[in-house]
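Novice: My structure is in final-v4.txt, and what it holds is compact mmCIF, C-alpha atoms:
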```txt
# COMPACT_ATOMS: atom_id res chain seq x y z
CA MET A 15 -13.45 -3.12 -21.25
CA LEU A 16 -16.57 -1.64 -19.65
CA LYS A 17 -18.77 -3.05 -22.39
CA ASN A 18 -17.36 -6.56 -21.95
CA LEU A 19 -17.72 -6.36 -18.18
CA ILE A 20 -21.34 -5.18 -18.33
CA GLU A 21 -22.22 -7.82 -20.93
CA LYS A 22 -20.70 -10.62 -18.82
CA ILE A 23 -22.54 -9.48 -15.68
CA SER A 24 -25.83 -9.15 -17.55
CA GLN A 25 -25.46 -12.64 -19.03
CA LYS A 26 -24.35 -14.23 -15.76
CA TYR A 27 -27.30 -12.91 -13.77
CA ASN A 28 -29.76 -12.90 -16.70
CA ILE A 29 -30.62 -9.23 -16.35
CA GLY A 30 -31.11 -6.42 -18.83
CA LYS A 31 -29.16 -3.20 -18.70
CA PRO A 32 -27.84 -2.78 -15.14
CA ARG A 33 -27.60 0.21 -12.84
CA VAL A 34 -23.97 1.11 -12.24
CA VAL A 35 -22.24 3.03 -9.45
CA VAL A 36 -18.80 4.35 -10.37
CA GLY A 37 -16.16 5.58 -7.93
CA VAL A 38 -14.37 8.73 -9.14
CA PRO A 39 -11.62 10.92 -7.64
CA SER A 40 -12.77 13.75 -5.39
CA GLY A 41 -12.78 17.14 -7.06
CA ILE A 42 -13.88 15.72 -10.42
CA THR A 43 -15.07 18.44 -12.82
CA GLU A 44 -18.51 18.54 -14.45
CA VAL A 45 -16.92 17.84 -17.83
CA GLU A 46 -15.20 14.75 -16.41
CA GLU A 47 -18.47 13.69 -14.75
CA ARG A 48 -20.27 13.78 -18.08
CA ALA A 49 -17.44 11.90 -19.79
CA VAL A 50 -17.63 9.07 -17.23
CA GLU A 51 -21.42 8.93 -17.37
CA GLU A 52 -21.49 8.82 -21.18
CA SER A 53 -18.78 6.15 -21.32
CA VAL A 54 -20.66 3.85 -18.96
CA MET A 55 -24.01 4.48 -20.66
CA HIS A 56 -22.50 3.69 -24.07
CA ALA A 57 -21.06 0.50 -22.56
CA GLY A 58 -24.60 -0.73 -21.84
CA ALA A 59 -25.71 0.63 -18.46
CA LYS A 60 -29.31 1.63 -17.79
CA GLU A 61 -28.44 4.20 -15.11
CA VAL A 62 -25.09 5.59 -13.95
CA TYR A 63 -24.39 7.08 -10.53
CA LEU A 64 -21.10 8.64 -9.47
CA MET A 65 -19.62 8.75 -5.98
CA GLU A 66 -16.31 10.08 -4.76
CA GLU A 67 -13.79 7.34 -4.03
CA PRO A 68 -13.06 8.40 -0.44
CA MET A 69 -16.78 8.23 0.33
CA ALA A 70 -16.95 4.76 -1.23
CA ALA A 71 -13.85 3.72 0.74
CA ALA A 72 -15.38 4.99 3.98
CA ILE A 73 -18.60 3.02 3.42
CA GLY A 74 -16.59 -0.05 2.41
CA ALA A 75 -14.47 0.29 5.56
CA GLY A 76 -17.64 0.11 7.65
CA LEU A 77 -17.83 3.76 8.74
CA ASP A 78 -21.25 5.25 9.42
CA VAL A 79 -20.98 8.16 7.01
CA ALA A 80 -24.45 9.49 7.91
CA GLU A 81 -23.65 10.21 11.55
CA PRO A 82 -23.08 13.85 12.62
CA ASN A 83 -19.61 13.07 13.98
CA GLY A 84 -16.48 13.47 11.88
CA ASN A 85 -14.52 10.65 10.25
CA ILE A 86 -11.40 10.85 8.11
CA ILE A 87 -10.51 8.33 5.42
CA VAL A 88 -7.24 8.11 3.48
CA ASP A 89 -7.49 6.00 0.32
CA ILE A 90 -4.03 5.33 -1.13
CA GLY A 91 -4.91 3.83 -4.49
CA GLY A 92 -2.94 3.24 -7.67
CA GLY A 93 -3.17 6.61 -9.37
CA THR A 94 -4.29 8.96 -6.59
CA THR A 95 -4.33 9.37 -2.83
CA GLU A 96 -7.71 10.63 -1.65
CA VAL A 97 -8.12 12.20 1.80
CA ALA A 98 -11.56 13.21 3.02
CA VAL A 99 -13.28 14.31 6.20
CA ILE A 100 -16.84 12.95 6.18
CA SER A 101 -19.86 13.92 8.27
CA LEU A 102 -23.65 13.76 7.82
CA GLY A 103 -23.36 11.79 4.59
CA GLY A 104 -21.20 14.38 2.87
CA ILE A 105 -17.55 15.26 2.35
CA VAL A 106 -16.71 18.30 4.46
CA ILE A 107 -13.20 18.74 3.11
CA SER A 108 -11.10 16.67 0.75
CA ASN A 109 -7.77 16.61 -1.05
CA SER A 110 -6.65 14.52 -4.00
CA LEU A 111 -2.97 13.88 -4.66
CA ARG A 112 -1.52 12.28 -7.77
CA THR A 113 1.06 10.46 -5.69
CA ALA A 114 0.05 6.91 -4.85
CA GLY A 115 0.92 3.30 -5.63
CA ASP A 116 2.01 3.85 -9.24
CA GLU A 117 4.30 6.71 -8.22
CA LEU A 118 5.87 4.54 -5.50
CA ASP A 119 6.57 1.84 -8.09
CA GLU A 120 8.22 4.45 -10.30
CA ASP A 121 10.33 5.63 -7.34
CA ILE A 122 11.66 2.09 -6.90
CA VAL A 123 12.40 1.75 -10.64
CA ASN A 124 14.34 5.05 -10.62
CA TYR A 125 16.22 4.22 -7.42
CA ILE A 126 17.48 0.89 -8.75
CA LYS A 127 18.42 2.50 -12.04
CA ARG A 128 20.37 5.20 -10.22
CA LYS A 129 22.08 3.04 -7.60
CA TYR A 130 22.67 -0.20 -9.48
CA ASN A 131 22.63 0.98 -13.10
CA THR A 132 19.97 -1.67 -13.63
CA ALA A 133 16.59 -1.44 -15.33
CA ILE A 134 13.57 -3.25 -13.90
CA GLY A 135 9.93 -3.21 -14.96
CA GLU A 136 6.96 -1.77 -13.06
CA THR A 137 5.71 -5.29 -12.27
CA THR A 138 8.97 -6.11 -10.51
CA ALA A 139 8.89 -2.77 -8.68
CA GLU A 140 5.36 -3.46 -7.46
CA GLU A 141 6.42 -6.88 -6.20
CA ILE A 142 9.36 -5.30 -4.33
CA LYS A 143 6.96 -2.77 -2.75
CA LYS A 144 4.56 -5.53 -1.68
CA GLN A 145 7.19 -7.89 -0.29
CA ILE A 146 9.73 -5.64 1.43
CA GLY A 147 8.38 -2.09 1.12
CA CYS A 148 8.16 -0.12 4.37
CA ALA A 149 7.58 3.45 5.52
CA LEU A 150 9.73 3.16 8.66
CA PRO A 151 12.71 0.87 9.42
CA LEU A 152 11.76 -2.72 10.22
CA MET A 153 12.84 -4.56 13.36
CA THR A 154 14.49 -7.14 11.10
CA GLU A 155 15.61 -5.95 7.69
CA LYS A 156 14.20 -7.86 4.75
CA LYS A 157 16.06 -8.70 1.55
CA MET A 158 14.91 -9.68 -1.91
CA GLU A 159 16.80 -10.86 -4.96
CA ILE A 160 15.56 -9.43 -8.24
CA ARG A 161 16.56 -9.69 -11.88
CA GLY A 162 16.91 -6.73 -14.19
CA ARG A 163 18.92 -5.58 -17.19
CA ASP A 164 22.37 -4.09 -16.75
CA LEU A 165 22.28 -0.71 -18.49
CA GLY A 166 26.00 -0.92 -19.22
CA THR A 167 26.17 -4.32 -20.87
CA GLY A 168 22.52 -4.86 -21.80
CA LEU A 169 22.68 -8.33 -20.19
CA PRO A 170 20.47 -9.79 -17.44
CA LYS A 171 21.69 -9.04 -13.95
CA ASN A 172 20.72 -10.27 -10.47
CA ILE A 173 20.88 -7.86 -7.55
CA GLU A 174 19.82 -7.99 -3.91
CA ILE A 175 17.81 -5.08 -2.52
CA THR A 176 16.92 -4.43 1.12
CA SER A 177 13.85 -3.02 2.84
CA SER A 178 15.83 0.03 4.00
CA GLU A 179 16.71 0.81 0.38
CA VAL A 180 13.04 0.56 -0.62
CA GLU A 181 12.14 2.85 2.28
CA GLU A 182 14.70 5.36 1.00
CA ALA A 183 13.37 5.08 -2.56
CA MET A 184 9.78 5.83 -1.50
CA GLU A 185 10.59 8.39 1.19
CA ASP A 186 9.78 11.58 -0.74
CA SER A 187 6.48 10.29 -2.14
CA ILE A 188 5.34 8.96 1.23
CA ARG A 189 6.20 12.34 2.75
CA ASP A 190 3.95 13.97 0.15
CA ILE A 191 1.13 11.63 1.21
CA THR A 192 1.56 12.43 4.92
CA ASP A 193 1.77 16.15 4.10
CA VAL A 194 -1.61 16.11 2.33
CA ILE A 195 -3.14 14.27 5.30
CA LYS A 196 -1.79 16.96 7.65
CA ALA A 197 -3.02 19.73 5.33
CA THR A 198 -6.52 18.23 5.35
CA LEU A 199 -6.53 17.95 9.14
CA GLU A 200 -5.40 21.57 9.48
CA LYS A 201 -8.45 22.73 7.51
CA THR A 202 -10.91 20.50 9.40
CA PRO A 203 -13.49 22.33 11.56
CA PRO A 204 -12.54 22.09 15.27
CA GLU A 205 -15.70 20.22 16.31
CA LEU A 206 -15.00 17.49 13.74
CA ALA A 207 -11.26 17.46 14.51
CA SER A 208 -12.03 16.43 18.09
CA ASP A 209 -14.08 13.48 16.79
CA ILE A 210 -11.22 12.44 14.53
CA MET A 211 -8.73 12.70 17.38
CA GLU A 212 -10.88 10.25 19.33
CA LYS A 213 -11.68 7.84 16.46
CA GLY A 214 -8.42 8.07 14.53
CA ILE A 215 -7.52 8.06 10.84
CA ILE A 216 -8.62 5.13 8.66
CA LEU A 217 -6.26 3.97 5.88
CA ALA A 218 -7.62 2.15 2.83
CA GLY A 219 -6.35 1.20 -0.62
CA GLY A 220 -3.33 -0.88 -1.59
CA GLY A 221 -0.94 1.69 -0.14
CA ALA A 222 -2.32 0.98 3.33
CA LEU A 223 -0.57 -2.41 3.13
CA ILE A 224 2.91 -0.86 3.05
CA GLU A 225 4.50 -1.96 6.30
CA ASN A 226 4.63 0.69 9.05
CA ILE A 227 2.80 3.35 7.02
CA ASP A 228 0.17 3.51 9.77
CA LYS A 229 2.89 4.16 12.35
CA LEU A 230 4.46 6.88 10.20
CA VAL A 231 1.13 8.66 9.64
CA SER A 232 0.46 8.45 13.38
CA GLU A 233 3.90 9.91 14.16
CA ARG A 234 3.44 12.83 11.76
CA THR A 235 -0.15 13.68 12.72
CA GLY A 236 -0.16 12.81 16.42
CA MET A 237 -3.36 10.79 15.92
CA PRO A 238 -4.24 7.10 16.17
CA VAL A 239 -4.24 5.39 12.76
CA PHE A 240 -6.04 2.20 11.79
CA ILE A 241 -5.90 0.11 8.63
CA ALA A 242 -9.31 -0.88 7.26
CA GLU A 243 -10.19 -4.53 6.99
CA ASN A 244 -9.40 -5.70 3.45
CA PRO A 245 -8.16 -2.22 2.42
CA LEU A 246 -7.80 -3.21 -1.25
CA GLU A 247 -11.53 -3.88 -1.48
CA CYS A 248 -12.93 -0.85 0.38
CA VAL A 249 -13.89 1.24 -2.66
CA VAL A 250 -15.46 -1.73 -4.45
CA LYS A 251 -17.37 -2.77 -1.33
CA GLY A 252 -18.52 0.81 -0.77
CA THR A 253 -19.92 1.20 -4.27
CA GLY A 254 -21.58 -2.22 -3.92
CA LYS A 255 -23.26 -1.30 -0.62
CA THR A 256 -24.46 1.97 -2.14
CA LEU A 257 -25.91 0.18 -5.15
CA GLU A 258 -27.74 -2.24 -2.85
CA ASP A 259 -29.41 0.61 -0.96
CA LEU A 260 -29.58 3.54 -3.37
CA GLU A 261 -32.58 5.16 -1.72
CA LYS A 262 -30.96 5.27 1.73
CA LEU A 263 -27.51 6.33 0.48
CA LYS A 264 -28.50 8.57 -2.45
CA ASN A 265 -27.11 11.64 -0.66
CA VAL A 266 -23.57 10.30 -1.04
CA LEU A 267 -23.85 10.31 -4.83
CA ILE A 268 -22.43 13.21 -6.83
CA ASN A 269 -25.31 13.09 -9.31
CA ALA A 270 -28.04 12.31 -6.75
CA ARG A 271 -30.24 14.95 -8.36
CA LYS A 272 -30.80 12.55 -11.26
CA MET A 273 -32.51 10.11 -8.92
CA LYS A 274 -35.34 12.51 -8.12
```
Represent the supplied structure as structure tokens.

Specialist:
Amino acid sequence: MLKNLIEKISQKYNIGKPRVVVGVPSGITEVEERAVEESVMHAGAKEVYLMEEPMAAAIGAGLDVAEPNGNIIVDIGGGTTEVAVISLGGIVISNSLRTAGDELDEDIVNYIKRKYNTAIGETTAEEIKKQIGCALPLMTEKKMEIRGRDLGTGLPKNIEITSSEVEEAMEDSIRDITDVIKATLEKTPPELASDIMEKGIILAGGGALIENIDKLVSERTGMPVFIAENPLECVVKGTGKTLEDLEKLKNVLINARKMK
């Protein structure tokens, strides 16, 4: 996949081997770093730079990561939720949780299987999450008709599911996400915590689009919470901005030493 992508980009823009910036989960090990670097190099890159996804999300969300004040970013992606406190171009404290969008989809699949004895696919579960998923009760409950397979008869079956049921299905996983945000805040140095209290928590990633998740995080942390503009694109935009100005932003790269 990487090889095809790099080849298409090189052909489209008539360039040789490109420089590539890759977003990786925070807390990545040196062995994993080398594995990512080697994979991208073998796919046709000239140079490979790694940056932690929450840092990329913060830059993509428009935060000034170089300032001495504290910022906190929560990137709820597909496979992981990344929480990081950022100051002076570096991550002061971070946590990575393997509960995110994919886990929420699985929660919905399991809930419908348990309650309705009906099997649905992950694609259907994701659509349910996008259309009627919520972290707190909605003013007006939403409903959605879905089709699955009756586990008793093996035949197709239509059922109607409500937003309150989806909220119930995702409740435990969303609690895990808010717990890791609180745990990160509890370990944040006091001088940075005061900055965060003033500026608020920034949510990015697809999970930020779940209705009322910002209100729930605000309730459980006592802090203002804001959803980044185009949260799905924050990590991509952040890596792009870094690639455009590598010299200025080299300190945010995990393997910045290789640029010297």

Novice: Measuring between all atoms listed in the file, which one of A:Val35, A:Ile107, A:Met184, A:Ile23 shows the shortest distance to Ile224 of chain A?

Specialist: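 Looking at the shortest contact to Ile224 of chain A, the residue is A:Met184.
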
Novice: Using all atoms listed in the file, which of the listed residues (A:Tyr125, A:Val88, A:Met158, A:Lys17) sits closest to Met55 of chain A?

Specialist: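 Answer, going by the shortest atom-to-atom distance: A:Lys17.
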
Novice: Quick check, in Å to one decimal: how far apart do atom CA of Val249 of chain A and atom CA of Gly76 of chain A lie?

Specialist: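 Separation of atom CA of Val249 of chain A and atom CA of Gly76 of chain A: 11.0 Å.
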
Novice: Expressed in Å to a single decimal, how great is the separation between atom CA of Glu179 of chain A and atom CA of Gln145 of chain A?

Specialist: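 We find that atom CA of Glu179 of chain A and atom CA of Gln145 of chain A lie 12.9 Å from each other.
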
Novice: Of the candidates A:Ala49, A:Gly115, A:Glu185, A:Ala57, which one gets nearest to Val34 of chain A if we count all atoms listed in the file?

Specialist: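 Among the listed residues, A:Ala57 lies closest to Val34 of chain A.
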
Novice: Between atom CA of Met65 of chain A and atom CA of Asp89 of chain A, what is the spacing in Å?

Specialist: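 Going from atom CA of Asp89 of chain A over to atom CA of Met65 of chain A, I get 13.9 Å.
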
Novice: For the point (15.9, -6.5, 9.0) in the file's frame, write as a PyMOL selection string all residues with an atom no more than 10 Å away, counting only C-alpha atoms.

Specialist: chain A and resi 146+151-157+176-178

Novice: Using only C-alpha atoms, can you tell me which of A:Ile173, A:Ala75, A:Val50, A:Val194 comes closest to Tyr63 of chain A?

Specialist: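 Nearest candidate to Tyr63 of chain A out of A:Ile173, A:Ala75, A:Val50, A:Val194: A:Val50.
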
Novice: Rank nothing, just name the residue among A:Ile268, A:Ile195, A:Leu102, A:Thr132 nearest to Ile42 of chain A, using only C-alpha atoms.

Specialist: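 Smallest distance to Ile42 of chain A is found for A:Ile268.
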
Novice: Could you tell me, as a ChimeraX atom specification, which residues have any atom at most 6 Å from (-21.1, 7.1, 5.6), counting all atoms listed in the file?

Specialist: /A:73,77-80,103

Novice: Compare A:Glu61, A:Asp209, A:Asp259, A:Glu51 by their minimum atom-to-atom distance to Ile86 of chain A, counting all atoms listed in the file, and give me the closest one.

Specialist: A:Asp209

Novice: Report, as lines of an AutoDock Vina configuration file, the axis-aligned box around all atoms of segment 229-235 of chain A present in the file, extended by 8 Å on each side; give centre and edge lengths in Å to one decimal place.

Specialist:
```
center_x = 2.2
center_y = 8.9
center_z = 11.9
size_x = 20.6
size_y = 25.5
size_z = 20.5
```

Novice: Give me the residues within 9 Å of Ser108 of chain A as a ChimeraX atom specification, counting all atoms listed in the file and dropping any in the same chain fewer than 2 places off.

Specialist: /A:40-41,68,96-100,105-106,110,198

Novice: Name the residues in contact with Leu16 of chain A at a cut-off of 9 Å, using only C-alpha atoms, excluding same-chain residues fewer than 4 positions from it; report them as a compact mmCIF listing (two decimals) with C-alpha atoms, in the coordinates of the input.

Specialist:
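Printed below is part_26.txt as written:
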```txt
# COMPACT_ATOMS: atom_id res chain seq x y z
CA ILE A 20 -21.34 -5.18 -18.33
CA GLU A 21 -22.22 -7.82 -20.93
CA SER A 53 -18.78 6.15 -21.32
CA VAL A 54 -20.66 3.85 -18.96
CA ALA A 57 -21.06 0.50 -22.56
CA GLY A 58 -24.60 -0.73 -21.84
```

Novice: Supply segment 18-37 of chain A as a compact mmCIF listing (two decimals), in the coordinates of the input, with N, CA, C and O atoms built in where the input has gaps.

Specialist:
```txt
# COMPACT_ATOMS: atom_id res chain seq x y z
N ASN A 18 -17.52 -5.13 -22.20
CA ASN A 18 -17.36 -6.56 -21.95
C ASN A 18 -17.78 -6.94 -20.53
O ASN A 18 -18.43 -7.96 -20.31
N LEU A 19 -17.40 -6.09 -19.57
CA LEU A 19 -17.72 -6.36 -18.18
C LEU A 19 -19.24 -6.34 -17.96
O LEU A 19 -19.80 -7.25 -17.34
N ILE A 20 -19.89 -5.30 -18.49
CA ILE A 20 -21.34 -5.18 -18.33
C ILE A 20 -22.07 -6.33 -19.02
O ILE A 20 -23.03 -6.89 -18.50
N GLU A 21 -21.60 -6.70 -20.20
CA GLU A 21 -22.22 -7.82 -20.93
C GLU A 21 -22.10 -9.12 -20.15
O GLU A 21 -23.06 -9.90 -20.05
N LYS A 22 -20.92 -9.39 -19.58
CA LYS A 22 -20.70 -10.62 -18.82
C LYS A 22 -21.59 -10.66 -17.58
O LYS A 22 -22.17 -11.70 -17.25
N ILE A 23 -21.70 -9.54 -16.88
CA ILE A 23 -22.54 -9.48 -15.68
C ILE A 23 -24.01 -9.68 -16.04
O ILE A 23 -24.73 -10.43 -15.39
N SER A 24 -24.43 -9.03 -17.12
CA SER A 24 -25.83 -9.15 -17.55
C SER A 24 -26.16 -10.59 -17.93
O SER A 24 -27.23 -11.10 -17.60
N GLN A 25 -25.24 -11.25 -18.63
CA GLN A 25 -25.46 -12.64 -19.03
C GLN A 25 -25.44 -13.58 -17.83
O GLN A 25 -26.27 -14.49 -17.71
N LYS A 26 -24.50 -13.35 -16.92
CA LYS A 26 -24.35 -14.23 -15.76
C LYS A 26 -25.60 -14.22 -14.88
O LYS A 26 -26.06 -15.26 -14.40
N TYR A 27 -26.15 -13.03 -14.67
CA TYR A 27 -27.30 -12.91 -13.77
C TYR A 27 -28.63 -12.79 -14.52
O TYR A 27 -29.67 -12.55 -13.91
N ASN A 28 -28.56 -12.93 -15.86
CA ASN A 28 -29.76 -12.90 -16.70
C ASN A 28 -30.59 -11.64 -16.45
O ASN A 28 -31.79 -11.69 -16.16
N ILE A 29 -29.93 -10.50 -16.53
CA ILE A 29 -30.62 -9.23 -16.35
C ILE A 29 -30.45 -8.38 -17.60
O ILE A 29 -29.62 -8.67 -18.46
N GLY A 30 -31.25 -7.34 -17.70
CA GLY A 30 -31.11 -6.42 -18.83
C GLY A 30 -29.99 -5.43 -18.54
O GLY A 30 -28.99 -5.77 -17.92
N LYS A 31 -30.18 -4.21 -18.96
CA LYS A 31 -29.16 -3.20 -18.70
C LYS A 31 -29.11 -2.90 -17.20
O LYS A 31 -30.14 -2.60 -16.59
N PRO A 32 -27.94 -2.96 -16.60
CA PRO A 32 -27.84 -2.78 -15.14
C PRO A 32 -27.69 -1.31 -14.73
O PRO A 32 -27.35 -0.45 -15.53
N ARG A 33 -27.96 -1.08 -13.45
CA ARG A 33 -27.60 0.21 -12.84
C ARG A 33 -26.14 0.10 -12.38
O ARG A 33 -25.74 -0.95 -11.86
N VAL A 34 -25.40 1.16 -12.55
CA VAL A 34 -23.97 1.11 -12.24
C VAL A 34 -23.58 2.28 -11.34
O VAL A 34 -24.00 3.42 -11.58
N VAL A 35 -22.82 1.99 -10.30
CA VAL A 35 -22.24 3.03 -9.45
C VAL A 35 -20.74 3.05 -9.71
O VAL A 35 -20.08 2.01 -9.64
N VAL A 36 -20.21 4.22 -10.03
CA VAL A 36 -18.80 4.35 -10.37
C VAL A 36 -18.09 5.24 -9.35
O VAL A 36 -18.56 6.34 -9.04
N GLY A 37 -16.98 4.76 -8.82
CA GLY A 37 -16.16 5.58 -7.93
C GLY A 37 -15.23 6.47 -8.75
O GLY A 37 -14.56 5.99 -9.66
```
